[in-house]
Amino acid sequence: MNVSSFADDAYMNVILDEEVEREIPQVLEDEITNSTTGELEHKSVTVHRSNLMKELMKIFEDSTILNTNLYITLIDHRGKEELGRGSGVLRDVLSNFWRQFFTSLTFGTIEKVPCVRHDHGKKEWESVARILVYGVKVANYFPVELSCGFIACVLFPEDCVSEDFLLKSFEQYIAEDEREAFQKCF
């Protein structure tokens, strides 16, 4: 069975072979589906704009957070509570989180690839993964700057991702002048 996904661009196709099946670990599946009750718990959290990325990552350290409906209160840079409520605040928080994430924890020009840092271990990267899943699941928010090659290799076994796809994604990672030189090589 062939599965094509991602955007309309020709280079953004990932083909899976019939023999390859990937199982989702049961722990992650339980986190995503909340198989025990089926209901979302409500949780109120306060996040400061000036420390948004760090505070959001701390909130998402809890593996049960994917089963909650977050009500976020934002504190502005002057220490005052912002008036916004609802899904717009969640999208604003997610947008700001990913903007800060791309600035401090990724490399690349058009497409961004997360980089390993000494001060971010497994716990922090699991928080980032939960923020990604929560954003897609609850707010239909996906950070489109993430490298397509990176996402494909995270979701599918690497041997299922074509070399052409990875090369096209790499072209979007490198700077424009490097891209021209790279294209001349092929």
# chains A, B, ... in the order shown; residues from 1 in each chain; ligands from 1

call {"tool": "select_by_dssp", "arguments": {"residues": "segment 57-186 of chain A", "states": "alpha helix (DSSP H)", "output": "ChimeraX atom specification"}}
result
/A:57-59,87-105,122-139,148-155,163-173,176-184

call {"tool": "closest_residue", "arguments": {"among": "A:Val133, A:Phe150, A:Thr64, A:Val47", "to": "Val113 of chain A", "atoms": "only C-alpha atoms"}}
result
A:Phe150

call {"tool": "atom_distance", "arguments": {"atom1": "atom CA of Leu52 of chain A", "atom2": "atom CA of Cys153 of chain A"}}
result
28.2 Å

call {"tool": "residues_around", "arguments": {"residues": "segment 74-85 of chain A", "least_positions_apart": "6", "cutoff": "12 Å", "atoms": "only C-alpha atoms", "output": "list in words"}}
result
Ser44, Val45, Thr46, Val47, His48, Arg49, Ser50, Asn51, Leu52, Glu55, Leu56, Arg91, Asp92, Val93 and Asn96 of chain A

call {"tool": "write_last_selection", "arguments": {"atoms": "C-alpha atoms", "output": "PDB file, in the first residue's frame"}}
result
ATOM      1  CA  SER A  44      -6.504  26.665  34.077  1.00  0.00           C
ATOM      2  CA  VAL A  45      -2.912  27.804  33.645  1.00  0.00           C
ATOM      3  CA  THR A  46      -1.196  31.172  33.766  1.00  0.00           C
ATOM      4  CA  VAL A  47       1.607  31.973  31.349  1.00  0.00           C
ATOM      5  CA  HIS A  48       3.799  35.091  31.288  1.00  0.00           C
ATOM      6  CA  ARG A  49       4.546  36.432  27.808  1.00  0.00           C
ATOM      7  CA  SER A  50       8.081  37.269  28.890  1.00  0.00           C
ATOM      8  CA  ASN A  51       8.775  33.617  29.804  1.00  0.00           C
ATOM      9  CA  LEU A  52       6.283  31.867  27.529  1.00  0.00           C
ATOM     10  CA  GLU A  55       6.624  28.056  31.172  1.00  0.00           C
ATOM     11  CA  LEU A  56       4.742  26.240  28.402  1.00  0.00           C
ATOM     12  CA  ARG A  91      -3.471  29.931  19.154  1.00  0.00           C
ATOM     13  CA  ASP A  92      -1.630  33.096  20.209  1.00  0.00           C
ATOM     14  CA  VAL A  93       0.341  31.152  22.823  1.00  0.00           C
ATOM     15  CA  ASN A  96       4.492  32.704  20.125  1.00  0.00           C
TER      16      ASN A  96
END

call {"tool": "residues_around", "arguments": {"residues": "Ala181 of chain A", "least_positions_apart": "6", "cutoff": "12 Å", "atoms": "only C-alpha atoms", "output": "list in words"}}
result
Glu171, Ile174 and Ala175 of chain A

call {"tool": "select_by_dssp", "arguments": {"residues": "segment 80-169 of chain A", "states": "strand (DSSP E)", "output": "PyMOL selection string"}}
result
chain A and resi 106-107+113-114

call {"tool": "write_last_selection", "arguments": {"atoms": "N, CA, C and O atoms", "output": "tab-separated table (two decimals), in the first residue's frame"}}
result
chain	number	residue	atom	x	y	z
A	106	THR	N	16.37	25.92	16.73
A	106	THR	CA	16.41	25.32	15.39
A	106	THR	C	17.48	25.99	14.54
A	106	THR	O	17.94	27.09	14.83
A	107	PHE	N	17.83	25.30	13.47
A	107	PHE	CA	18.69	25.84	12.42
A	107	PHE	C	17.93	25.73	11.11
A	107	PHE	O	17.06	24.86	10.95
A	113	VAL	N	15.12	22.89	11.37
A	113	VAL	CA	15.40	21.59	11.97
A	113	VAL	C	15.81	21.82	13.43
A	113	VAL	O	16.70	22.62	13.70
A	114	PRO	N	15.14	21.15	14.37
A	114	PRO	CA	15.53	21.30	15.78
A	114	PRO	C	16.99	20.88	15.99
A	114	PRO	O	17.48	19.96	15.35

call {"tool": "residues_around", "arguments": {"residues": "Ser104 of chain A", "least_positions_apart": "2", "cutoff": "12 Å", "atoms": "only C-alpha atoms", "output": "list in words"}}
result
Met53, Lys54, Phe97, Trp98, Arg99, Gln100, Phe101, Phe102, Thr106, Phe107, Gly108, Lys112, Val113, Pro114, Cys115, Val116, Arg117, Asp119 and His120 of chain A

call {"tool": "atom_distance", "arguments": {"atom1": "atom CA of Ser127 of chain A", "atom2": "atom CA of Ser147 of chain A"}}
result
18.7 Å

call {"tool": "atom_distance", "arguments": {"atom1": "atom CA of Val128 of chain A", "atom2": "atom CA of Met57 of chain A"}}
result
6.6 Å

call {"tool": "residues_around", "arguments": {"residues": "Asp62 of chain A", "least_positions_apart": "2", "cutoff": "12 Å", "atoms": "only C-alpha atoms", "output": "PDB file with all heavy atoms, in the first residue's frame"}}
result
ATOM      1  N   GLU A  31      -1.951   8.592  25.776  1.00  0.00           N
ATOM      2  CA  GLU A  31      -1.883  10.043  25.989  1.00  0.00           C
ATOM      3  C   GLU A  31      -2.757  10.776  24.986  1.00  0.00           C
ATOM      4  O   GLU A  31      -3.419  11.741  25.311  1.00  0.00           O
ATOM      5  CB  GLU A  31      -0.438  10.536  25.845  1.00  0.00           C
ATOM      6  CG  GLU A  31       0.456  10.182  27.000  1.00  0.00           C
ATOM      7  CD  GLU A  31       1.850  10.746  26.821  1.00  0.00           C
ATOM      8  OE1 GLU A  31       2.005  11.762  26.139  1.00  0.00           O
ATOM      9  OE2 GLU A  31       2.786  10.158  27.368  1.00  0.00           O
ATOM     10  N   LEU A  56       5.566  27.191  29.147  1.00  0.00           N
ATOM     11  CA  LEU A  56       4.742  26.240  28.402  1.00  0.00           C
ATOM     12  C   LEU A  56       5.388  24.856  28.387  1.00  0.00           C
ATOM     13  O   LEU A  56       4.702  23.836  28.542  1.00  0.00           O
ATOM     14  CB  LEU A  56       4.491  26.750  26.979  1.00  0.00           C
ATOM     15  CG  LEU A  56       3.276  26.176  26.276  1.00  0.00           C
ATOM     16  CD1 LEU A  56       1.997  26.490  27.029  1.00  0.00           C
ATOM     17  CD2 LEU A  56       3.184  26.691  24.856  1.00  0.00           C
ATOM     18  N   MET A  57       6.708  24.828  28.228  1.00  0.00           N
ATOM     19  CA  MET A  57       7.399  23.536  28.265  1.00  0.00           C
ATOM     20  C   MET A  57       7.253  22.885  29.640  1.00  0.00           C
ATOM     21  O   MET A  57       7.106  21.662  29.734  1.00  0.00           O
ATOM     22  CB  MET A  57       8.866  23.705  27.881  1.00  0.00           C
ATOM     23  CG  MET A  57       9.041  23.982  26.394  1.00  0.00           C
ATOM     24  SD  MET A  57      10.735  24.284  25.899  1.00  0.00           S
ATOM     25  CE  MET A  57      11.443  22.674  26.051  1.00  0.00           C
ATOM     26  N   LYS A  58       7.266  23.667  30.693  1.00  0.00           N
ATOM     27  CA  LYS A  58       7.073  23.135  32.049  1.00  0.00           C
ATOM     28  C   LYS A  58       5.662  22.559  32.209  1.00  0.00           C
ATOM     29  O   LYS A  58       5.480  21.480  32.772  1.00  0.00           O
ATOM     30  CB  LYS A  58       7.326  24.252  33.081  1.00  0.00           C
ATOM     31  CG  LYS A  58       7.267  23.795  34.500  1.00  0.00           C
ATOM     32  CD  LYS A  58       8.477  22.971  34.848  1.00  0.00           C
ATOM     33  CE  LYS A  58       8.455  22.601  36.312  1.00  0.00           C
ATOM     34  NZ  LYS A  58       9.308  21.478  36.610  1.00  0.00           N
ATOM     35  N   ILE A  59       4.654  23.264  31.696  1.00  0.00           N
ATOM     36  CA  ILE A  59       3.265  22.789  31.767  1.00  0.00           C
ATOM     37  C   ILE A  59       3.111  21.467  31.021  1.00  0.00           C
ATOM     38  O   ILE A  59       2.442  20.551  31.491  1.00  0.00           O
ATOM     39  CB  ILE A  59       2.304  23.857  31.198  1.00  0.00           C
ATOM     40  CG1 ILE A  59       2.250  25.071  32.129  1.00  0.00           C
ATOM     41  CG2 ILE A  59       0.913  23.284  30.955  1.00  0.00           C
ATOM     42  CD1 ILE A  59       1.606  26.298  31.513  1.00  0.00           C
ATOM     43  N   PHE A  60       3.777  21.346  29.871  1.00  0.00           N
ATOM     44  CA  PHE A  60       3.625  20.153  29.036  1.00  0.00           C
ATOM     45  C   PHE A  60       4.563  19.014  29.436  1.00  0.00           C
ATOM     46  O   PHE A  60       4.613  17.999  28.752  1.00  0.00           O
ATOM     47  CB  PHE A  60       3.775  20.517  27.554  1.00  0.00           C
ATOM     48  CG  PHE A  60       2.512  21.058  26.959  1.00  0.00           C
ATOM     49  CD1 PHE A  60       2.181  22.394  27.088  1.00  0.00           C
ATOM     50  CD2 PHE A  60       1.631  20.214  26.299  1.00  0.00           C
ATOM     51  CE1 PHE A  60       1.004  22.897  26.555  1.00  0.00           C
ATOM     52  CE2 PHE A  60       0.451  20.708  25.767  1.00  0.00           C
ATOM     53  CZ  PHE A  60       0.130  22.047  25.889  1.00  0.00           C
ATOM     54  N   THR A  64      -0.181  13.758  31.072  1.00  0.00           N
ATOM     55  CA  THR A  64      -1.649  13.733  30.957  1.00  0.00           C
ATOM     56  C   THR A  64      -2.209  15.019  30.361  1.00  0.00           C
ATOM     57  O   THR A  64      -3.413  15.138  30.180  1.00  0.00           O
ATOM     58  CB  THR A  64      -2.302  13.497  32.338  1.00  0.00           C
ATOM     59  OG1 THR A  64      -1.998  14.601  33.189  1.00  0.00           O
ATOM     60  CG2 THR A  64      -1.832  12.192  32.952  1.00  0.00           C
ATOM     61  N   ILE A  65      -1.353  15.964  30.032  1.00  0.00           N
ATOM     62  CA  ILE A  65      -1.803  17.269  29.532  1.00  0.00           C
ATOM     63  C   ILE A  65      -2.563  17.144  28.221  1.00  0.00           C
ATOM     64  O   ILE A  65      -3.443  17.960  27.921  1.00  0.00           O
ATOM     65  CB  ILE A  65      -0.610  18.253  29.399  1.00  0.00           C
ATOM     66  CG1 ILE A  65      -1.103  19.689  29.323  1.00  0.00           C
ATOM     67  CG2 ILE A  65       0.247  17.914  28.199  1.00  0.00           C
ATOM     68  CD1 ILE A  65      -1.554  20.245  30.625  1.00  0.00           C
ATOM     69  N   LEU A  66      -2.273  16.104  27.439  1.00  0.00           N
ATOM     70  CA  LEU A  66      -2.964  15.921  26.162  1.00  0.00           C
ATOM     71  C   LEU A  66      -4.439  15.580  26.358  1.00  0.00           C
ATOM     72  O   LEU A  66      -5.227  15.667  25.426  1.00  0.00           O
ATOM     73  CB  LEU A  66      -2.283  14.836  25.326  1.00  0.00           C
ATOM     74  CG  LEU A  66      -0.853  15.163  24.875  1.00  0.00           C
ATOM     75  CD1 LEU A  66      -0.238  13.974  24.167  1.00  0.00           C
ATOM     76  CD2 LEU A  66      -0.815  16.403  24.017  1.00  0.00           C
ATOM     77  N   ASN A  67      -4.804  15.195  27.576  1.00  0.00           N
ATOM     78  CA  ASN A  67      -6.189  14.853  27.883  1.00  0.00           C
ATOM     79  C   ASN A  67      -6.916  15.983  28.593  1.00  0.00           C
ATOM     80  O   ASN A  67      -7.942  15.762  29.218  1.00  0.00           O
ATOM     81  CB  ASN A  67      -6.228  13.594  28.772  1.00  0.00           C
ATOM     82  CG  ASN A  67      -5.575  12.424  28.094  1.00  0.00           C
ATOM     83  OD1 ASN A  67      -5.701  12.246  26.886  1.00  0.00           O
ATOM     84  ND2 ASN A  67      -4.851  11.643  28.850  1.00  0.00           N
ATOM     85  N   THR A  68      -6.366  17.178  28.517  1.00  0.00           N
ATOM     86  CA  THR A  68      -6.986  18.310  29.197  1.00  0.00           C
ATOM     87  C   THR A  68      -7.383  19.388  28.209  1.00  0.00           C
ATOM     88  O   THR A  68      -6.844  19.482  27.110  1.00  0.00           O
ATOM     89  CB  THR A  68      -6.038  18.932  30.252  1.00  0.00           C
ATOM     90  OG1 THR A  68      -4.885  19.427  29.582  1.00  0.00           O
ATOM     91  CG2 THR A  68      -5.654  17.943  31.313  1.00  0.00           C
ATOM     92  N   LYS A 123      13.291  15.158  28.654  1.00  0.00           N
ATOM     93  CA  LYS A 123      12.091  15.758  29.251  1.00  0.00           C
ATOM     94  C   LYS A 123      11.638  16.983  28.460  1.00  0.00           C
ATOM     95  O   LYS A 123      10.447  17.143  28.175  1.00  0.00           O
ATOM     96  CB  LYS A 123      12.386  16.126  30.709  1.00  0.00           C
ATOM     97  CG  LYS A 123      11.256  16.801  31.446  1.00  0.00           C
ATOM     98  CD  LYS A 123      11.606  17.056  32.902  1.00  0.00           C
ATOM     99  CE  LYS A 123      12.721  18.066  32.992  1.00  0.00           C
ATOM    100  NZ  LYS A 123      13.004  18.546  34.341  1.00  0.00           N
ATOM    101  N   GLU A 124      12.569  17.836  28.078  1.00  0.00           N
ATOM    102  CA  GLU A 124      12.223  19.048  27.328  1.00  0.00           C
ATOM    103  C   GLU A 124      11.725  18.716  25.920  1.00  0.00           C
ATOM    104  O   GLU A 124      10.758  19.317  25.443  1.00  0.00           O
ATOM    105  CB  GLU A 124      13.434  19.997  27.241  1.00  0.00           C
ATOM    106  CG  GLU A 124      13.767  20.680  28.547  1.00  0.00           C
ATOM    107  CD  GLU A 124      14.557  19.807  29.523  1.00  0.00           C
ATOM    108  OE1 GLU A 124      15.077  18.735  29.114  1.00  0.00           O
ATOM    109  OE2 GLU A 124      14.664  20.191  30.700  1.00  0.00           O
ATOM    110  N   GLU A 126      10.294  15.917  24.981  1.00  0.00           N
ATOM    111  CA  GLU A 126       8.964  15.324  25.114  1.00  0.00           C
ATOM    112  C   GLU A 126       7.914  16.416  25.298  1.00  0.00           C
ATOM    113  O   GLU A 126       6.805  16.310  24.763  1.00  0.00           O
ATOM    114  CB  GLU A 126       8.924  14.344  26.287  1.00  0.00           C
ATOM    115  CG  GLU A 126       9.626  13.038  25.992  1.00  0.00           C
ATOM    116  CD  GLU A 126       9.676  12.095  27.183  1.00  0.00           C
ATOM    117  OE1 GLU A 126       9.407  12.535  28.338  1.00  0.00           O
ATOM    118  OE2 GLU A 126       9.995  10.914  26.967  1.00  0.00           O
ATOM    119  N   SER A 127       8.255  17.471  26.028  1.00  0.00           N
ATOM    120  CA  SER A 127       7.341  18.608  26.186  1.00  0.00           C
ATOM    121  C   SER A 127       7.054  19.257  24.843  1.00  0.00           C
ATOM    122  O   SER A 127       5.911  19.587  24.526  1.00  0.00           O
ATOM    123  CB  SER A 127       7.928  19.656  27.141  1.00  0.00           C
ATOM    124  OG  SER A 127       8.004  19.162  28.439  1.00  0.00           O
ATOM    125  N   VAL A 128       8.099  19.451  24.045  1.00  0.00           N
ATOM    126  CA  VAL A 128       7.926  20.035  22.711  1.00  0.00           C
ATOM    127  C   VAL A 128       7.018  19.144  21.866  1.00  0.00           C
ATOM    128  O   VAL A 128       6.118  19.643  21.170  1.00  0.00           O
ATOM    129  CB  VAL A 128       9.294  20.256  22.024  1.00  0.00           C
ATOM    130  CG1 VAL A 128       9.114  20.658  20.562  1.00  0.00           C
ATOM    131  CG2 VAL A 128      10.105  21.298  22.774  1.00  0.00           C
ATOM    132  N   ALA A 129       7.218  17.833  21.937  1.00  0.00           N
ATOM    133  CA  ALA A 129       6.373  16.901  21.171  1.00  0.00           C
ATOM    134  C   ALA A 129       4.917  17.000  21.626  1.00  0.00           C
ATOM    135  O   ALA A 129       3.996  17.000  20.796  1.00  0.00           O
ATOM    136  CB  ALA A 129       6.883  15.468  21.342  1.00  0.00           C
ATOM    137  N   ARG A 130       4.689  17.100  22.930  1.00  0.00           N
ATOM    138  CA  ARG A 130       3.318  17.226  23.435  1.00  0.00           C
ATOM    139  C   ARG A 130       2.688  18.545  22.993  1.00  0.00           C
ATOM    140  O   ARG A 130       1.502  18.594  22.677  1.00  0.00           O
ATOM    141  CB  ARG A 130       3.303  17.117  24.959  1.00  0.00           C
ATOM    142  CG  ARG A 130       3.525  15.708  25.454  1.00  0.00           C
ATOM    143  CD  ARG A 130       3.334  15.592  26.965  1.00  0.00           C
ATOM    144  NE  ARG A 130       3.781  14.290  27.392  1.00  0.00           N
ATOM    145  CZ  ARG A 130       4.907  14.064  28.054  1.00  0.00           C
ATOM    146  NH1 ARG A 130       5.704  15.063  28.393  1.00  0.00           N
ATOM    147  NH2 ARG A 130       5.244  12.833  28.388  1.00  0.00           N
ATOM    148  N   ILE A 131       3.477  19.617  22.965  1.00  0.00           N
ATOM    149  CA  ILE A 131       2.957  20.910  22.491  1.00  0.00           C
ATOM    150  C   ILE A 131       2.562  20.798  21.029  1.00  0.00           C
ATOM    151  O   ILE A 131       1.504  21.291  20.616  1.00  0.00           O
ATOM    152  CB  ILE A 131       3.995  22.032  22.718  1.00  0.00           C
ATOM    153  CG1 ILE A 131       4.175  22.278  24.218  1.00  0.00           C
ATOM    154  CG2 ILE A 131       3.582  23.322  21.998  1.00  0.00           C
ATOM    155  CD1 ILE A 131       5.375  23.135  24.583  1.00  0.00           C
TER     156      ILE A 131
END

call {"tool": "residues_around", "arguments": {"residues": "Tyr173 of chain A", "least_positions_apart": "4", "cutoff": "6 Å", "atoms": "only C-alpha atoms", "output": "PyMOL selection string"}}
result
chain A and resi 108-111
